[in-house]
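A.B. asks: Provided below: input39.cif, containing mmCIF, C-alpha atoms.
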data_final
#
loop_
_atom_site.label_atom_id
_atom_site.label_comp_id
_atom_site.auth_asym_id
_atom_site.auth_seq_id
_atom_site.Cartn_x
_atom_site.Cartn_y
_atom_site.Cartn_z
CA MET A 8 -24.02 82.40 -16.05
CA GLN A 9 -26.11 79.33 -15.44
CA LEU A 10 -24.29 77.52 -18.23
CA LYS A 11 -20.92 78.35 -16.66
CA LYS A 12 -22.13 77.05 -13.30
CA LYS A 13 -23.33 73.83 -14.88
CA ILE A 14 -19.99 73.32 -16.62
CA ARG A 15 -18.11 74.02 -13.37
CA CYS A 16 -20.26 71.50 -11.52
CA ILE A 17 -19.72 68.85 -14.19
CA LEU A 18 -15.95 69.41 -14.08
CA LEU A 19 -15.88 69.17 -10.29
CA LEU A 20 -17.93 65.99 -10.43
CA CYS A 21 -15.59 64.42 -13.00
CA LEU A 22 -12.57 65.38 -10.93
CA ALA A 23 -14.09 63.78 -7.85
CA VAL A 24 -14.82 60.59 -9.78
CA LEU A 25 -11.28 60.49 -11.12
CA LEU A 26 -9.82 60.98 -7.66
CA MET A 27 -12.00 58.24 -6.19
CA THR A 28 -11.17 55.83 -9.03
CA GLY A 29 -7.45 56.52 -8.75
CA THR A 30 -7.46 55.95 -4.98
CA SER A 31 -9.30 52.66 -5.20
CA ALA A 32 -7.07 51.51 -8.07
CA SER A 33 -4.00 52.42 -6.09
CA ALA A 34 -5.28 50.53 -3.06
CA ALA A 35 -6.22 47.56 -5.20
CA THR A 36 -2.70 47.22 -6.59
CA LYS A 37 -1.39 46.78 -3.05
CA LYS A 38 -3.57 43.72 -2.37
CA PRO A 39 -2.03 40.38 -3.48
CA GLY A 40 -3.89 37.62 -5.28
CA LYS A 41 -5.50 34.58 -3.70
CA VAL A 42 -3.20 31.81 -2.48
CA SER A 43 -3.61 28.18 -3.60
CA VAL A 44 -3.04 25.72 -0.76
CA LEU A 45 -1.42 22.50 -2.01
CA SER A 46 -1.22 20.07 0.90
CA ALA A 47 -1.24 19.49 4.65
CA LYS A 48 1.09 16.69 5.78
CA THR A 49 0.77 15.30 9.27
CA ASP A 50 3.03 13.79 11.92
CA SER A 51 2.74 13.34 15.66
CA GLY A 52 1.34 16.58 17.10
CA LYS A 53 2.03 18.68 14.03
CA VAL A 54 0.82 19.63 10.56
CA THR A 55 2.90 21.08 7.72
CA VAL A 56 0.79 23.32 5.46
CA ARG A 57 2.14 23.98 1.96
CA TRP A 58 0.97 26.50 -0.61
CA LYS A 59 1.93 27.85 -4.03
CA SER A 60 4.10 30.94 -3.58
CA LEU A 61 3.23 34.23 -5.32
CA LYS A 62 5.47 36.87 -6.84
CA LYS A 63 5.85 40.43 -5.53
CA VAL A 64 4.32 39.87 -2.11
CA SER A 65 5.73 40.62 1.33
CA GLY A 66 4.70 37.28 2.79
CA TYR A 67 1.84 35.08 3.97
CA GLN A 68 -0.49 34.73 6.94
CA VAL A 69 -1.68 31.31 8.11
CA TYR A 70 -5.11 31.03 9.73
CA MET A 71 -6.46 28.19 11.84
CA TYR A 72 -10.03 27.58 12.95
CA THR A 73 -9.89 27.89 16.74
CA ASP A 74 -12.03 27.02 19.74
CA ALA A 75 -13.49 30.51 19.41
CA LYS A 76 -15.23 29.15 16.30
CA LYS A 77 -13.49 31.49 13.90
CA TYR A 78 -10.33 31.62 11.78
CA GLU A 79 -7.50 33.39 13.54
CA VAL A 80 -3.97 34.23 12.38
CA ILE A 81 -1.52 31.84 14.01
CA ALA A 82 1.63 32.79 12.10
CA ARG A 83 3.04 35.31 9.65
CA VAL A 84 5.62 34.03 7.18
CA THR A 85 7.88 36.69 5.65
CA GLY A 86 9.17 36.35 2.09
CA ALA A 87 7.50 35.82 -1.28
CA SER A 88 9.33 32.54 -1.95
CA LYS A 89 8.25 30.89 1.31
CA ASN A 90 5.66 28.18 0.74
CA SER A 91 5.18 26.19 3.95
CA LEU A 92 4.66 26.36 7.69
CA THR A 93 4.81 23.59 10.30
CA VAL A 94 2.26 24.08 13.05
CA LYS A 95 3.33 22.26 16.23
CA GLY A 96 1.76 21.48 19.59
CA LEU A 97 -1.41 20.03 18.11
CA GLU A 98 -3.51 17.21 19.50
CA ASN A 99 -3.25 13.83 17.80
CA GLY A 100 -6.54 12.57 16.39
CA LYS A 101 -8.16 16.02 16.29
CA LYS A 102 -9.19 17.56 12.97
CA TYR A 103 -7.75 21.02 12.19
CA ARG A 104 -8.66 23.49 9.43
CA PHE A 105 -6.30 26.00 7.85
CA ARG A 106 -6.38 28.89 5.39
CA VAL A 107 -3.60 31.02 3.95
CA THR A 108 -3.48 34.60 2.65
CA ALA A 109 -0.77 36.61 0.97
CA TYR A 110 -0.06 40.19 2.10
CA ASN A 111 1.87 43.28 1.13
CA LYS A 112 3.26 45.66 3.67
CA LYS A 113 3.74 49.32 2.80
CA SER A 114 4.33 52.29 5.07
CA GLY A 115 3.60 50.11 8.08
CA LYS A 116 0.20 49.08 6.74
CA ILE A 117 -0.82 45.50 5.82
CA TYR A 118 -2.71 44.90 2.58
CA GLU A 119 -4.07 41.36 2.66
CA GLY A 120 -5.43 39.25 -0.20
CA LYS A 121 -8.36 36.88 -0.12
CA GLN A 122 -8.20 33.77 2.02
CA SER A 123 -7.41 30.47 0.32
CA LYS A 124 -9.71 27.51 0.29
CA THR A 125 -9.85 25.56 3.54
CA ILE A 126 -7.59 22.53 3.94
CA GLN A 127 -8.10 19.97 6.73
CA ALA A 128 -5.63 17.70 8.49
CA THR A 129 -5.60 15.38 11.49
CA PRO A 130 -2.19 15.00 13.21
CA LYS A 131 -1.06 11.44 13.81
CA PRO A 132 2.33 9.73 14.09
CA LYS A 133 3.93 8.39 10.93
CA LYS A 134 4.22 4.65 10.68
CA PRO A 135 7.78 3.29 10.85
CA ALA A 136 9.41 2.19 7.60
CA LYS A 137 9.16 -1.47 6.59
CA PRO A 138 12.28 -3.39 7.74
CA VAL A 139 14.23 -5.66 5.39
CA LEU A 140 15.08 -9.01 7.00
CA HIS A 141 17.80 -11.58 6.30
CA VAL A 142 19.36 -14.61 8.02
CA SER A 143 22.88 -13.95 9.29
CA LEU A 144 23.63 -17.41 10.76
CA VAL A 145 22.11 -20.87 10.98
CA ALA A 146 23.55 -23.27 13.54
CA SER A 147 22.46 -26.35 15.44
CA ARG A 148 19.12 -25.49 17.13
CA ARG A 149 19.74 -21.79 16.53
CA VAL A 150 19.15 -19.04 13.94
CA ASN A 151 20.44 -15.46 13.94
CA ILE A 152 18.45 -12.88 11.99
CA THR A 153 19.17 -9.21 11.32
CA TRP A 154 17.16 -6.44 9.69
CA THR A 155 17.48 -2.87 8.51
CA LYS A 156 16.77 -0.05 10.94
CA SER A 157 13.33 1.52 10.40
CA SER A 158 13.02 5.28 10.60
CA ALA A 159 10.89 6.50 13.55
CA ALA A 160 10.78 3.02 15.11
CA ASP A 161 10.80 2.52 18.88
CA GLY A 162 11.10 -1.26 18.64
CA TYR A 163 10.48 -4.42 16.64
CA ILE A 164 8.32 -7.53 17.00
CA VAL A 165 9.75 -10.88 15.85
CA TYR A 166 7.50 -13.65 14.53
CA GLN A 167 8.24 -17.31 13.79
CA LYS A 168 6.51 -20.30 12.23
CA LEU A 169 7.20 -23.78 10.90
CA SER A 170 6.37 -24.98 7.40
CA SER A 171 2.78 -25.41 8.48
CA GLY A 172 0.80 -23.28 10.87
CA ASP A 173 0.58 -19.57 11.54
CA PHE A 174 3.18 -17.06 12.60
CA LYS A 175 3.50 -16.63 16.35
CA LYS A 176 5.02 -13.71 18.20
CA LEU A 177 8.42 -14.54 19.71
CA GLY A 178 9.02 -11.25 21.48
CA GLU A 179 10.02 -7.61 21.15
CA THR A 180 13.41 -5.89 20.94
CA LYS A 181 14.88 -2.45 20.37
CA ASP A 182 17.85 -3.99 18.54
CA THR A 183 18.04 -4.79 14.81
CA ARG A 184 19.14 -8.38 15.36
CA CYS A 185 17.87 -11.41 17.20
CA CYS A 186 19.21 -14.84 18.15
CA ILE A 187 16.49 -17.52 18.24
CA THR A 188 17.53 -20.58 20.26
CA LYS A 189 16.11 -23.92 21.43
CA LEU A 190 14.94 -24.79 17.93
CA THR A 191 14.52 -28.36 16.68
CA ASN A 192 17.11 -29.69 14.25
CA ASP A 193 16.11 -30.93 10.79
CA GLN A 194 13.26 -28.42 10.62
CA THR A 195 12.66 -25.41 8.36
CA TYR A 196 11.68 -22.24 10.19
CA TYR A 197 10.23 -19.01 8.81
CA PHE A 198 10.65 -15.55 10.31
CA LYS A 199 9.35 -12.03 9.82
CA VAL A 200 9.46 -8.78 11.80
CA ARG A 201 7.66 -5.46 11.91
CA ALA A 202 8.54 -2.17 13.50
CA PHE A 203 6.39 -0.15 15.85
CA ARG A 204 6.28 3.42 17.11
CA GLU A 205 4.65 4.33 20.41
CA VAL A 206 3.07 7.77 20.99
CA ASN A 207 1.03 8.58 24.10
CA GLY A 208 0.52 4.90 24.85
CA LYS A 209 -0.71 4.05 21.35
CA ARG A 210 1.25 1.93 18.89
CA TYR A 211 1.67 2.54 15.17
CA TYR A 212 2.99 -0.40 13.14
CA SER A 213 4.98 -0.74 9.93
CA SER A 214 4.19 -3.27 7.24
CA TYR A 215 5.57 -6.75 7.84
CA SER A 216 9.07 -7.39 6.56
CA ASN A 217 9.90 -9.96 3.92
CA ILE A 218 9.74 -13.58 5.13
CA VAL A 219 13.03 -15.50 5.44
CA GLU A 220 13.55 -19.22 5.97
CA ALA A 221 16.27 -21.26 7.63
CA TYR A 222 16.83 -25.02 7.74
CA VAL A 223 18.21 -25.93 11.17
CA SER A 224 20.49 -28.98 11.52
CA LYS A 225 23.51 -30.24 13.42
CA THR A 226 25.81 -29.32 10.54
CA ALA A 227 24.14 -25.99 9.77
CA ALA A 228 26.91 -23.95 11.39
CA VAL A 229 29.54 -25.50 9.12
CA ASP A 230 27.26 -25.40 6.08
CA SER A 231 26.85 -21.63 6.57
CA ILE A 232 30.59 -20.96 6.04
CA ASN A 233 31.22 -19.37 2.64
CA TYR A 234 34.21 -19.34 0.34
CA MET A 235 35.39 -16.02 -1.05
CA HIS A 236 32.96 -14.98 -3.81
CA TYR A 237 33.95 -13.22 -7.02
CA ARG A 238 32.08 -11.61 -9.88
CA ALA A 239 33.65 -12.83 -13.11
CA ALA A 240 33.12 -12.89 -16.87
CA LEU A 241 33.81 -15.71 -19.33
CA LYS A 242 36.78 -14.98 -21.62
CA SER A 243 35.35 -17.26 -24.32
CA SER A 244 32.24 -19.38 -24.80
CA GLU A 245 32.09 -22.65 -22.86
CA LYS A 246 29.73 -25.62 -22.68
CA THR A 247 28.22 -26.21 -19.22
CA THR A 248 25.43 -28.26 -17.68
CA ALA A 249 23.22 -25.18 -18.19
CA GLY A 250 24.05 -25.05 -21.92
CA LEU A 251 26.50 -22.98 -23.94
CA LEU A 252 27.56 -19.79 -22.19
CA GLY A 253 28.83 -17.01 -24.43
CA ALA A 254 31.94 -14.91 -23.99
CA GLY A 255 31.29 -12.03 -21.60
CA THR A 256 28.66 -13.91 -19.57
CA VAL A 257 28.88 -12.66 -15.99
CA VAL A 258 28.77 -15.26 -13.21
CA THR A 259 29.37 -15.37 -9.46
CA ILE A 260 32.19 -17.67 -8.37
CA THR A 261 31.16 -19.29 -5.09
CA GLN A 262 34.33 -21.43 -4.86
CA TYR A 263 37.43 -20.71 -6.90
CA VAL A 264 39.43 -23.81 -7.90
CA ASN A 265 42.98 -23.05 -9.01
CA GLY A 266 43.88 -25.07 -12.10
CA GLY A 267 40.46 -26.72 -12.42
CA LYS A 268 36.79 -25.87 -12.72
CA SER A 269 35.38 -23.28 -10.32
CA TYR A 270 31.92 -23.50 -8.78
CA CYS A 271 29.76 -20.71 -10.19
CA LYS A 272 26.21 -19.40 -10.12
CA LEU A 273 24.39 -17.85 -13.05
CA SER A 274 22.08 -14.84 -12.78
CA ASN A 275 19.08 -17.23 -12.88
CA GLY A 276 20.40 -19.07 -9.79
CA LYS A 277 21.60 -22.20 -11.60
CA SER A 278 24.89 -23.72 -10.45
CA VAL A 279 27.58 -24.65 -13.01
CA ARG A 280 31.29 -25.54 -13.17
CA ILE A 281 33.49 -23.34 -15.39
CA GLU A 282 37.19 -23.62 -16.21
CA SER A 283 39.00 -21.22 -13.89
CA ASP A 284 41.42 -20.20 -16.68
CA ASN A 285 38.40 -19.07 -18.72
CA LEU A 286 37.21 -16.67 -16.03
CA GLU A 287 38.25 -13.03 -15.80
CA LEU A 288 37.78 -11.77 -12.25
CA LEU A 289 35.87 -8.48 -12.10
CA GLU A 290 35.42 -7.83 -8.39
CA THR A 291 35.22 -9.52 -5.02
CA VAL A 292 31.89 -10.18 -3.33
CA THR A 293 32.13 -9.91 0.46
CA ASP A 294 29.88 -9.38 3.47
CA ASN A 295 31.76 -7.92 6.46
CA THR A 296 28.52 -7.65 8.44
CA ARG A 297 28.35 -11.42 8.63
CA VAL A 298 30.56 -12.47 11.54
CA TYR A 299 30.53 -16.17 12.36
CA ASP A 300 29.93 -16.78 16.05
CA GLN A 301 31.99 -19.07 18.25
CA GLU A 302 29.93 -22.18 17.54
CA ALA A 303 30.11 -21.79 13.77
CA ALA A 304 33.80 -20.89 13.70
CA GLU A 305 34.86 -23.77 15.97
CA ALA A 306 32.61 -26.23 14.15
CA TYR A 307 34.23 -25.28 10.83
CA VAL A 308 37.91 -25.64 11.79
CA ASN A 309 37.30 -28.80 13.87
CA LYS A 310 35.20 -30.53 11.22
CA LYS A 311 37.84 -29.71 8.58
CA GLY A 312 40.49 -31.27 10.81
CA PHE A 313 43.04 -28.48 10.47
CA LYS A 314 46.22 -29.11 12.42
CA SER A 315 49.05 -26.83 13.53
CA ALA A 316 52.63 -27.31 14.71
CA THR A 317 51.80 -25.00 17.63
CA ASN A 318 48.80 -24.68 19.92
CA TYR A 319 47.45 -21.82 17.77
CA LEU A 320 45.54 -21.81 14.48
CA VAL A 321 44.61 -18.75 12.36
CA TRP A 322 41.64 -18.69 9.98
CA ILE A 323 41.24 -15.78 7.54
CA SER A 324 37.63 -15.69 6.35
CA MET A 325 37.94 -13.75 3.10
CA TYR A 326 34.17 -13.70 2.48
CA THR A 327 33.45 -11.96 5.80
CA GLN A 328 36.81 -10.09 5.91
CA HIS A 329 37.56 -11.27 9.46
CA ILE A 330 40.42 -13.15 11.14
CA TYR A 331 39.65 -15.87 13.70
CA VAL A 332 42.39 -17.11 16.07
CA PHE A 333 42.00 -20.47 17.85
CA LYS A 334 43.89 -22.15 20.65
CA GLY A 335 44.08 -25.89 21.30
CA SER A 336 44.84 -28.81 19.01
CA ARG A 337 43.42 -30.70 16.03
CA TYR A 338 39.67 -31.38 16.47
CA HIS A 339 39.78 -29.44 19.74
CA TRP A 340 40.21 -25.82 18.66
CA THR A 341 38.46 -23.10 20.67
CA LEU A 342 38.17 -19.44 19.72
CA ALA A 343 40.90 -17.48 21.54
CA ARG A 344 39.36 -13.99 21.15
CA GLU A 345 36.75 -11.98 19.28
CA PRO A 346 37.03 -12.04 15.45
CA MET A 347 39.12 -9.19 14.00
CA LEU A 348 38.06 -7.10 11.00
CA CYS A 349 40.64 -7.27 8.21
CA SER A 350 41.34 -6.34 4.58
CA THR A 351 42.56 -8.99 2.13
CA GLY A 352 43.85 -8.68 -1.44
CA SER A 353 41.65 -7.07 -4.09
CA VAL A 354 41.09 -8.13 -7.70
CA LYS A 355 42.69 -4.88 -8.85
CA ASN A 356 45.85 -5.20 -6.75
CA GLY A 357 46.21 -8.97 -6.31
CA ILE A 358 43.88 -11.42 -4.55
CA THR A 359 44.82 -13.40 -1.46
CA THR A 360 44.62 -16.95 -2.82
CA SER A 361 42.93 -19.64 -0.76
CA GLY A 362 45.10 -22.24 0.93
CA VAL A 363 46.66 -23.63 4.09
CA HIS A 364 50.05 -22.21 5.06
CA ARG A 365 52.03 -21.34 8.18
CA ILE A 366 53.66 -18.32 9.76
CA TYR A 367 57.33 -18.82 8.88
CA TYR A 368 58.85 -15.59 10.14
CA LYS A 369 57.99 -12.27 11.80
CA LEU A 370 59.24 -8.71 11.40
CA PRO A 371 58.37 -5.81 13.71
CA ILE A 372 58.49 -3.43 10.72
CA TRP A 373 57.24 -4.52 7.29
CA ASN A 374 58.56 -2.08 4.66
CA PHE A 375 57.03 -1.15 1.31
CA ASP A 376 57.99 1.51 -1.26
CA GLY A 377 57.15 4.79 0.48
CA SER A 378 55.20 3.15 3.30
CA TYR A 379 55.45 0.54 6.02
CA ALA A 380 53.36 -1.63 8.33
CA ARG A 381 53.99 -2.95 11.81
CA TYR A 382 54.01 -6.45 13.31
CA GLY A 383 54.38 -8.42 10.08
CA MET A 384 53.78 -12.19 10.10
CA ALA A 385 54.70 -13.81 6.76
CA PHE A 386 52.54 -16.81 5.83
CA ASN A 387 52.48 -17.18 2.02
CA GLY A 388 55.46 -16.00 -0.01
CA ASP A 389 55.59 -12.22 0.29
CA ASN A 390 52.11 -12.06 1.80
CA ALA A 391 51.83 -11.31 5.50
CA ILE A 392 49.38 -10.41 8.22
CA HIS A 393 50.27 -6.93 9.47
CA SER A 394 48.89 -3.63 10.69
CA GLN A 395 47.37 -0.99 8.45
CA LEU A 396 49.79 1.04 6.35
CA TYR A 397 51.75 4.13 7.39
CA LEU A 398 53.47 6.61 5.13
CA ALA A 399 57.22 6.65 5.62
CA GLY A 400 58.16 8.95 8.49
CA THR A 401 54.62 9.06 9.97
CA THR A 402 52.88 7.23 12.79
CA THR A 403 49.25 7.67 11.67
CA PRO A 404 47.65 4.98 9.43
CA TYR A 405 46.59 6.38 6.07
CA ASP A 406 44.27 3.56 5.03
CA TRP A 407 41.68 3.59 7.85
CA GLY A 408 38.82 3.18 5.41
CA THR A 409 40.02 -0.08 3.86
CA LEU A 410 39.28 -2.47 6.73
CA GLY A 411 36.30 -4.68 5.99
CA LYS A 412 36.84 -4.82 2.22
CA PRO A 413 39.56 -6.22 -0.08
CA ALA A 414 42.16 -3.53 -0.81
CA SER A 415 45.70 -4.92 -0.44
CA HIS A 416 48.11 -6.58 -2.89
CA GLY A 417 47.67 -9.96 -1.17
CA CYS A 418 48.64 -9.17 2.41
CA VAL A 419 46.07 -9.09 5.20
CA ARG A 420 45.72 -5.81 7.11
CA ILE A 421 44.28 -5.47 10.62
CA LYS A 422 44.21 -2.77 13.27
CA LEU A 423 47.49 -2.00 15.01
CA ALA A 424 46.34 -3.29 18.42
CA ASN A 425 45.16 -6.56 16.87
CA ALA A 426 48.39 -6.97 14.91
CA GLU A 427 50.41 -6.41 18.07
CA TRP A 428 48.35 -9.02 19.95
CA MET A 429 48.81 -11.62 17.19
CA TYR A 430 52.53 -10.84 16.87
CA ASN A 431 53.07 -11.41 20.59
CA THR A 432 50.65 -14.34 20.95
CA VAL A 433 50.64 -16.56 17.84
CA PRO A 434 54.01 -18.35 17.42
CA VAL A 435 56.00 -18.96 14.25
CA ASN A 436 54.96 -22.26 12.54
CA SER A 437 51.30 -21.73 13.46
CA THR A 438 48.92 -22.78 10.67
CA VAL A 439 47.15 -20.05 8.68
CA VAL A 440 44.03 -21.06 6.76
CA HIS A 441 42.77 -18.50 4.27
CA TYR A 442 39.42 -19.54 2.81
#
Can you turn what I pasted into structure tokens?
C.D. replies:
Amino acid sequence: MQLKKKIRCILLLCLAVLLMTGTSASAATKKPGKVSVLSAKTDSGKVTVRWKSLKKVSGYQVYMYTDAKKYEVIARVTGASKNSLTVKGLENGKKYRFRVTAYNKKSGKIYEGKQSKTIQATPKPKKPAKPVLHVSLVASRRVNITWTKSSAADGYIVYQKLSSGDFKKLGETKDTRCCITKLTNDQTYYFKVRAFREVNGKRYYSSYSNIVEAYVSKTAAVDSINYMHYRAALKSSEKTTAGLLGAGTVVTITQYVNGGKSYCKLSNGKSVRIESDNLELLETVTDNTRVYDQEAAEAYVNKKGFKSATNYLVWISMYTQHIYVFKGSRYHWTLAREPMLCSTGSVKNGITTSGVHRIYYKLPIWNFDGSYARYGMAFNGDNAIHSQLYLAGTTTPYDWGTLGKPASHGCVRIKLANAEWMYNTVPVNSTVVHY
């Protein structure tokens, strides 16, 4: 009997142990593993905590060390694939500590894993991006500069210096361009800018931009006018002042000379003359963001001495893809209105060749195969200034996106309203300079 009792007791004890082991094992399988926190990125008043996601979990709980001097759950993130949380409303300059846990939820009960290691972060505003600066115009006693917009910037500080001396602050602006006046001619000036961001009365600055230089002189406005530029390749080898250039050498044509030698620049910056017939045009090089102001435009046409049989003169700047209309007479031309964005001939379709011509007739409708334009003003063979193109039978332009870059077969396209103004204002026999 005693033996049977002992055996029964042993069996009961084993069963109890098995039940206890099974329960704890079952509970253990419901608890996720420990989370690895990867980073805590800061911005003004916020911190983004990132962690490595786990498989087969219900989600994550984010803890923050609070004023109660303990870690408290501030957010629950649902989903195993989620791996970040942005905590907002924080105080800049204050250090915060975070931990993350993974959890499983079953039958309404939360089974939470171990807390991750602590990660610290101090919220502070991001610095604005570094602006990129360039000179857009140099004129007598004046320089225009422009720069790229910096993300998160509230404004920009402009600095200036001469060849010797230190940079001095000129002023602040919220714009991405600046006109510096009252400069001294025959001097070289240097400029730089930096962006700033202001948060709660405190400023955060970007790195300084690149430094640009500009030589200011009485003829600077005219000197800043550019011919149409082209990217081109040599058809065959040719001897130049820079040595023998092989076939296929790519150059930039800064002034195309029909029937002679064009002015070109090599990739190393050296200037050379190359036979125009030996150059295969690859693409046009334009800058429609560069709009010559009134002083530069008037200085150019007056210095060149262009004349017209009427009291109007038209200049098509192919490099900037803008049309300038002047009123007056030779050496006394004044800009009649704001420059107008246009689209000249492309290398693919047929370039608008440089030259001086005149408007010799007008047509209210300028027809093409399957399309038409309005307010045509013929100035060079079949080439004309006219509106953008319309498909036959429609009244909506289909080439809105072409203005500001070469796209036509040699004609010059402008907006309908601008074409109508020119058609009604600029008389037949008016000179047209395309340069």
A.B. asks: Could you tell me how far CA of Tyr326 in chain A lies from CA of Val292 in chain A, in Å and to one decimal?
C.D. replies: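 Atom-to-atom, CA of Tyr326 in chain A to CA of Val292 in chain A, that is 7.2 Å.
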A.B. asks: To box range 166-173 of chain A, take all atoms listed in the file, fit an axis-aligned box, add 6 Å on each side, and give centre and edge lengths in Å to one decimal, as AutoDock Vina command-line options.
C.D. replies:
--center_x 4.4 --center_y -19.5 --center_z 11.0 --size_x 19.7 --size_y 23.8 --size_z 19.1
A.B. asks: What do you get, as an NGL selection string, if you spell out every residue that the PyMOL selection byres ((chain A and resi 174) around 12) selects here?
C.D. replies: :A and (164-173 or 175-177 or 196-200 or 215 or 218)
A.B. asks: Residues of the last selection are to be written out with C-alpha atoms, as a compact mmCIF listing (two decimals), keeping the file's coordinate frame.
C.D. replies:
# COMPACT_ATOMS: atom_id res chain seq x y z
CA ILE A 164 8.32 -7.53 17.00
CA VAL A 165 9.75 -10.88 15.85
CA TYR A 166 7.50 -13.65 14.53
CA GLN A 167 8.24 -17.31 13.79
CA LYS A 168 6.51 -20.30 12.23
CA LEU A 169 7.20 -23.78 10.90
CA SER A 170 6.37 -24.98 7.40
CA SER A 171 2.78 -25.41 8.48
CA GLY A 172 0.80 -23.28 10.87
CA ASP A 173 0.58 -19.57 11.54
CA LYS A 175 3.50 -16.63 16.35
CA LYS A 176 5.02 -13.71 18.20
CA LEU A 177 8.42 -14.54 19.71
CA TYR A 196 11.68 -22.24 10.19
CA TYR A 197 10.23 -19.01 8.81
CA PHE A 198 10.65 -15.55 10.31
CA LYS A 199 9.35 -12.03 9.82
CA VAL A 200 9.46 -8.78 11.80
CA TYR A 215 5.57 -6.75 7.84
CA ILE A 218 9.74 -13.58 5.13
A.B. asks: Here is a test: counting only C-alpha atoms, which residue of A:Lys37, A:Asn431, A:Arg184, A:Val44 is nearest to Lys113 in chain A?
C.D. replies: A:Lys37
A.B. asks: Have a look at A:Ala146, A:Val139, A:Cys186, A:Val42 and name the one nearest to Ala304 in chain A; count all atoms listed in the file.
C.D. replies: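 Smallest separation from Ala304 in chain A among the options: A:Ala146.
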A.B. asks: Between A:Ser415, A:Thr73, A:Asn309, A:Thr85, which is the closest to Leu342 in chain A once you count all atoms listed in the file?
C.D. replies: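 Smallest separation from Leu342 in chain A among the options: A:Asn309.
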A.B. asks: Would you list the contacts of range 259-274 of chain A as a count of residues only, taking every protein, DNA or RNA residue within 12 Å and counting all atoms listed in the file, but skipping same-chain residues closer than 2 positions in sequence?
C.D. replies: 44
A.B. asks: Evaluate the PyMOL selection byres ((chain A and resi 409) around 12) here and jot the selected residues down as a PyMOL selection string.
C.D. replies: chain A and resi 295+328+348-353+394-396+404-408+410-415+419-422
A.B. asks: Pick the closest to Ala47 in chain A from A:Glu220, A:Asn99, A:Arg104, A:Ile81: which is it, counting only C-alpha atoms?
C.D. replies: A:Arg104
A.B. asks: Evaluated on this file, the PyMOL selection byres ((chain A and resi 338) around 10) picks out some residues - which ones are they, written as a PyMOL selection string?
C.D. replies: chain A and resi 305-314+335-337+339-341
A.B. asks: Which polymer residues, whether protein, DNA or RNA, lie within 6 Å of the coordinate (15.3, -23.7, 20.0) when you count only C-alpha atoms? List them as a list in words, using the chain letters and numbers from the file.
C.D. replies: Arg148, Arg149, Thr188, Lys189, Leu190 and Thr191 of chain A
A.B. asks: Please indicate the distance in Å from CA of Val298 in chain A to CA of Phe333 in chain A, rounded to one decimal place.
C.D. replies: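 Answer for the CA of Val298 in chain A to CA of Phe333 in chain A separation: 15.3 Å.
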A.B. asks: Nearest to Ser91 in chain A among A:Ala75, A:Ile126, A:Ala160, A:Leu45, with distances taken over all atoms listed in the file: which residue is it?
C.D. replies: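 Of A:Ala75, A:Ile126, A:Ala160, A:Leu45, the one nearest Ser91 in chain A is A:Leu45, counting all atoms listed in the file.
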A.B. asks: Calculated over all atoms listed in the file, which of the candidates A:Lys95, A:Arg204, A:Lys101, A:Lys225 has the smallest distance to Lys137 in chain A?
C.D. replies: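 The shortest atom-to-atom distance to Lys137 in chain A comes from A:Arg204.
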A.B. asks: Could you check how far CA of Ile323 in chain A sits from CA of Thr296 in chain A, in Å to one decimal?
C.D. replies: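 So the two atoms, CA of Ile323 in chain A and CA of Thr296 in chain A, lie 15.1 Å apart.
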A.B. asks: Can you list, as a PyMOL selection string, every protein, DNA or RNA residue that comes within 9 Å of Lys133 in chain A when you count all atoms listed in the file, leaving out same-chain residues fewer than 5 positions away?
C.D. replies: chain A and resi 49-51+159+204+211
A.B. asks: Output C-alpha atoms of each residue in that selection to a file, as a CSV table (one decimal), in the coordinates of the input.
C.D. replies:
chain,number,residue,atom,x,y,z
A,49,THR,CA,0.8,15.3,9.3
A,50,ASP,CA,3.0,13.8,11.9
A,51,SER,CA,2.7,13.3,15.7
A,159,ALA,CA,10.9,6.5,13.6
A,204,ARG,CA,6.3,3.4,17.1
A,211,TYR,CA,1.7,2.5,15.2
A.B. asks: Just the residues within 6 Å of Ala136 in chain A, please, counting only C-alpha atoms, with nothing from its chain fewer than 4 positions along; format it as a PyMOL selection string.
C.D. replies: chain A and resi 157-158+213
A.B. asks: Would you list the residues near (49.1, -13.2, 11.1) (no more than 10 Å away, in the coordinates of the file, using only C-alpha atoms) as a PyMOL selection string?
C.D. replies: chain A and resi 320-323+330+332+365-366+369+382-386+390-394+418-421+425-430+433-435+437-439
